[in-house]
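J.: Could you have a look at this structure, given as structure tokens, before my questions?
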Amino acid sequence: MEKPKNLILVIFGASGDLTSRKLITALFSVRSQNLMPDRYAILGIGRSKISDEEFRVKMNAAIVSFSEEKKTAPDKISAFTEDLHYLSMDTTIPADFLKLKELLKEFDTKYDIGGNYIFYLATPPSLYEDIAFNLGASGLSGQTEGFRRIIIEKPFGYDLKSAKKLNMTLHNLASEEQIFRIDHYLGKETVQNLLVTRFANGMFEPLWNRNYIDRIEITSAENLGVEQRGGYYDSSGALRDMVQNHLLQMVGLTAMEPPSSLDADAIRNEVLKVFQSLQPIREEDVPQQVIRGQYTASLIRGECVTGYRYEKGVDVHSRTETYVAIKFYINNWRWGGVPFYIRTGKRLPTRVTEIVIHFKTTPHHLFQRQSGKLSANQLIIRIQPDEGILLKFDMKEPGAGFNVKNVNMDFHYSDLAYLRVPSAYERLLYDVMLGDSTLYSRDDEVETAWKFLEPIQKAWANNPAIKVFGYPAGTWGPEFANDLIEGEGLTWRYPCKNLADEELYCEL
Ligand code: NDP
Ligand code: BG6
């Protein structure tokens, strides 16, 4: 594996939750695999007044709590945290960027960096434009010596207009090649495996179209509620938080044409074409094509679970959706007429993300099943947990007659016990150090995704009569979401946390 050039990684928002839980543990894993540059420094930034040493102690504790490598030797963690530094500054104060510039100069000489800096924006999103502007104004974003890259955490804007404005601010100080917009789903091994499943196997691709596929279903369910992020979530909701980025990216990779190469732009061009082909949902059709819900209090295994409106940081009259399900079409030759169904929600029965390809039934039903129900093949691509792939098909039950039974053929990543599945942030951070933006969202992709969601946002804003359905925490969301699915007796798949145990309602 290639080693990145020497560099300094600056994390704005280093005293926050994301840095502790995801970024620092991911960087630690990259280092454990000996994939960090030979010489580097990591500089954390926040307003909190803490010393380098206090920051190191905090990050050490974060690695112990959140790293997947539970049995890591303490001296390995300390060796990593020694390279961590902290600067207290306020990103809204331009003069503070001069302090930063001075410090970077000092580190540059000390660690022989050669001017390669990566700036990771992990602060509240309202600060992104200020930080970008101040980086430009202080001369930190110009690539006169070394490279300068900027990583932007999600959310990238809250609608089409704000996303365009943020893109414009960023483009005023840096070229598109320098900008890395995070969508951590793209960093997931199983999301990338979608490309391999589709384009490395000759048997799927000929069937991957409107002639053989009846419908496609994508679910990203979470069993947790909004936890400590009520304040952020209440101004966001499931549509902005999950659909605009993670779910649409999975739609893009499922529906795209084969790319001409594995170049960052070759893949992203194909995803963009899918986004451009999404049939716009008219504002007046939103109530029929989009179902939104909000979890209410319930008892789960005898324990009281708080309703969304009573979570910390949430308005008691909030109409923010914690669940959304959408039906839509892709207007192109491959997918014309095939409905796509996507749904996501918090406080559902289990945590699971999967893509279900429902194939059409056979043209003639020679072996009508005894249950009277026609079965059809399904290919289930499990993104998490119990990562893997399941193919469902019919077999003859041994014995007299022709009794047909639906059976599973499954592959689980966990069977490859010798392989460790890296975390999404680990992959994304390593890629940015190499300058590879394949797994980052491009400006036009982000804007086109927002454009698709715009009529939904407008309909919800302009028409208070559109219902927000309540659903008890621990259930699969509003029952009305089943009405979206075309076809007699068809419903969503109700997956379990184990890939092969579908239709079970799992514990929270
Ligand atoms: P937190 O509120 O936990 O942290 C915010 C960070 O920003 C703190 O380090 C805070 O430092 C710093 N900060 C705030 N204002 C300033 C300022 N004026 N100058 C300098 N630093 C400032 O947020 P999260 O870590 O949860 O989230 C950060 C970003 O990551 C958000 O955009 C969020 O949407 C995104 N994200 C978070 C996820 C998560 O699981 N937490 C998941 C996906 C995305 P201090 O308080 O010391 O000033
Ligand atoms: C984040 C959302 O982007 O993704 C969170 O802001 C959500 O609300 C999270 O919980 C889900 O990510 P994962 O990797 O746990 O599916």
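Scheme for the structure tokens: letters A, B, ... for chains in order shown; per-chain residue numbers from 1; ligand numbers from 1 in order shown.
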Within 9 Å of ligand 2, which residues show up when you count only C-alpha atoms and all ligand atoms? List them as a ChimeraX atom specification, please.
T.: /A:154-155,183-185,188,220-222,224-226,229,233,237-238,240-242,245-246,346,351-353,383-384,424
J.: Taking only C-alpha atoms and all ligand atoms into account, produce a table as a Markdown table in which each residue of chain A with an atom at most 10 Å from an atom of ligand 1 appears once, together with its shortest atom pair and the distance in Å to one decimal, ordered by chain and rising number.
T.:
```
| residue | atom | partner | partner_atom_place_in_ligand_line | distance |
| --- | --- | --- | --- | --- |
| A:Ile11 | CA | ligand 1 | 9 (O) | 8.9 |
| A:Phe12 | CA | ligand 1 | 21 (N) | 6.0 |
| A:Gly13 | CA | ligand 1 | 9 (O) | 3.2 |
| A:Ala14 | CA | ligand 1 | 9 (O) | 4.5 |
| A:Ser15 | CA | ligand 1 | 9 (O) | 3.5 |
| A:Gly16 | CA | ligand 1 | 4 (O) | 3.3 |
| A:Asp17 | CA | ligand 1 | 25 (O) | 3.7 |
| A:Leu18 | CA | ligand 1 | 25 (O) | 3.7 |
| A:Thr19 | CA | ligand 1 | 25 (O) | 5.9 |
| A:Ser20 | CA | ligand 1 | 25 (O) | 7.8 |
| A:Arg21 | CA | ligand 1 | 40 (O) | 7.3 |
| A:Lys22 | CA | ligand 1 | 40 (O) | 7.6 |
| A:Leu23 | CA | ligand 1 | 25 (O) | 9.6 |
| A:Gly44 | CA | ligand 1 | 9 (O) | 8.5 |
| A:Ile45 | CA | ligand 1 | 21 (N) | 6.2 |
| A:Gly46 | CA | ligand 1 | 21 (N) | 3.7 |
| A:Arg47 | CA | ligand 1 | 48 (O) | 3.5 |
| A:Ser48 | CA | ligand 1 | 47 (O) | 3.6 |
| A:Lys49 | CA | ligand 1 | 47 (O) | 7.2 |
| A:Ile50 | CA | ligand 1 | 47 (O) | 8.7 |
| A:Leu87 | CA | ligand 1 | 20 (C) | 9.5 |
| A:Ser88 | CA | ligand 1 | 20 (C) | 7.5 |
| A:Met89 | CA | ligand 1 | 20 (C) | 5.7 |
| A:Asp90 | CA | ligand 1 | 19 (N) | 3.6 |
| A:Thr91 | CA | ligand 1 | 19 (N) | 4.0 |
| A:Thr92 | CA | ligand 1 | 18 (N) | 5.3 |
| A:Ile93 | CA | ligand 1 | 18 (N) | 8.0 |
| A:Asp96 | CA | ligand 1 | 19 (N) | 9.5 |
| A:Tyr120 | CA | ligand 1 | 29 (C) | 9.9 |
| A:Leu121 | CA | ligand 1 | 29 (C) | 7.3 |
| A:Ala122 | CA | ligand 1 | 29 (C) | 4.1 |
| A:Thr123 | CA | ligand 1 | 7 (O) | 3.6 |
| A:Pro124 | CA | ligand 1 | 32 (O) | 4.4 |
| A:Pro125 | CA | ligand 1 | 32 (O) | 4.5 |
| A:Ser126 | CA | ligand 1 | 32 (O) | 8.1 |
| A:Leu127 | CA | ligand 1 | 18 (N) | 7.0 |
| A:Tyr128 | CA | ligand 1 | 32 (O) | 8.4 |
| A:Asp130 | CA | ligand 1 | 18 (N) | 9.3 |
| A:Ile131 | CA | ligand 1 | 19 (N) | 8.8 |
| A:Ile152 | CA | ligand 1 | 32 (O) | 8.2 |
| A:Glu153 | CA | ligand 1 | 30 (O) | 5.3 |
| A:Lys154 | CA | ligand 1 | 44 (C) | 5.2 |
| A:Pro155 | CA | ligand 1 | 34 (O) | 5.5 |
| A:Phe156 | CA | ligand 1 | 32 (O) | 8.5 |
| A:Ile182 | CA | ligand 1 | 44 (C) | 8.6 |
| A:Asp183 | CA | ligand 1 | 43 (C) | 8.5 |
| A:His184 | CA | ligand 1 | 43 (C) | 7.9 |
| A:Glu227 | CA | ligand 1 | 40 (O) | 9.9 |
| A:Gln228 | CA | ligand 1 | 26 (O) | 8.5 |
| A:Arg229 | CA | ligand 1 | 26 (O) | 7.1 |
| A:Gly231 | CA | ligand 1 | 2 (O) | 9.6 |
| A:Tyr232 | CA | ligand 1 | 34 (O) | 7.2 |
| A:Tyr233 | CA | ligand 1 | 34 (O) | 8.8 |
| A:Ser236 | CA | ligand 1 | 34 (O) | 9.6 |
| A:Asp241 | CA | ligand 1 | 34 (O) | 8.6 |
| A:Met242 | CA | ligand 1 | 43 (C) | 9.9 |
```
J.: A:Glu397: which residues within 12 Å, counting only C-alpha atoms, same-chain residues fewer than 4 positions away excluded, as JSON, numbers by chain?
T.: {"A": [367, 369, 370, 401, 402, 403, 404, 405, 406, 407]}
J.: Using only C-alpha atoms, which of A:Ile380, A:Leu374, A:Ile8, A:Met168 sits nearest A:Glu217?
T.: A:Ile380
J.: Could you give me, as a ChimeraX atom specification, the residues within 9 Å of A:Glu387, counting only C-alpha atoms and dropping anything in the same chain fewer than 2 positions from it?
T.: /A:190,381-385,389,411-414,498-499
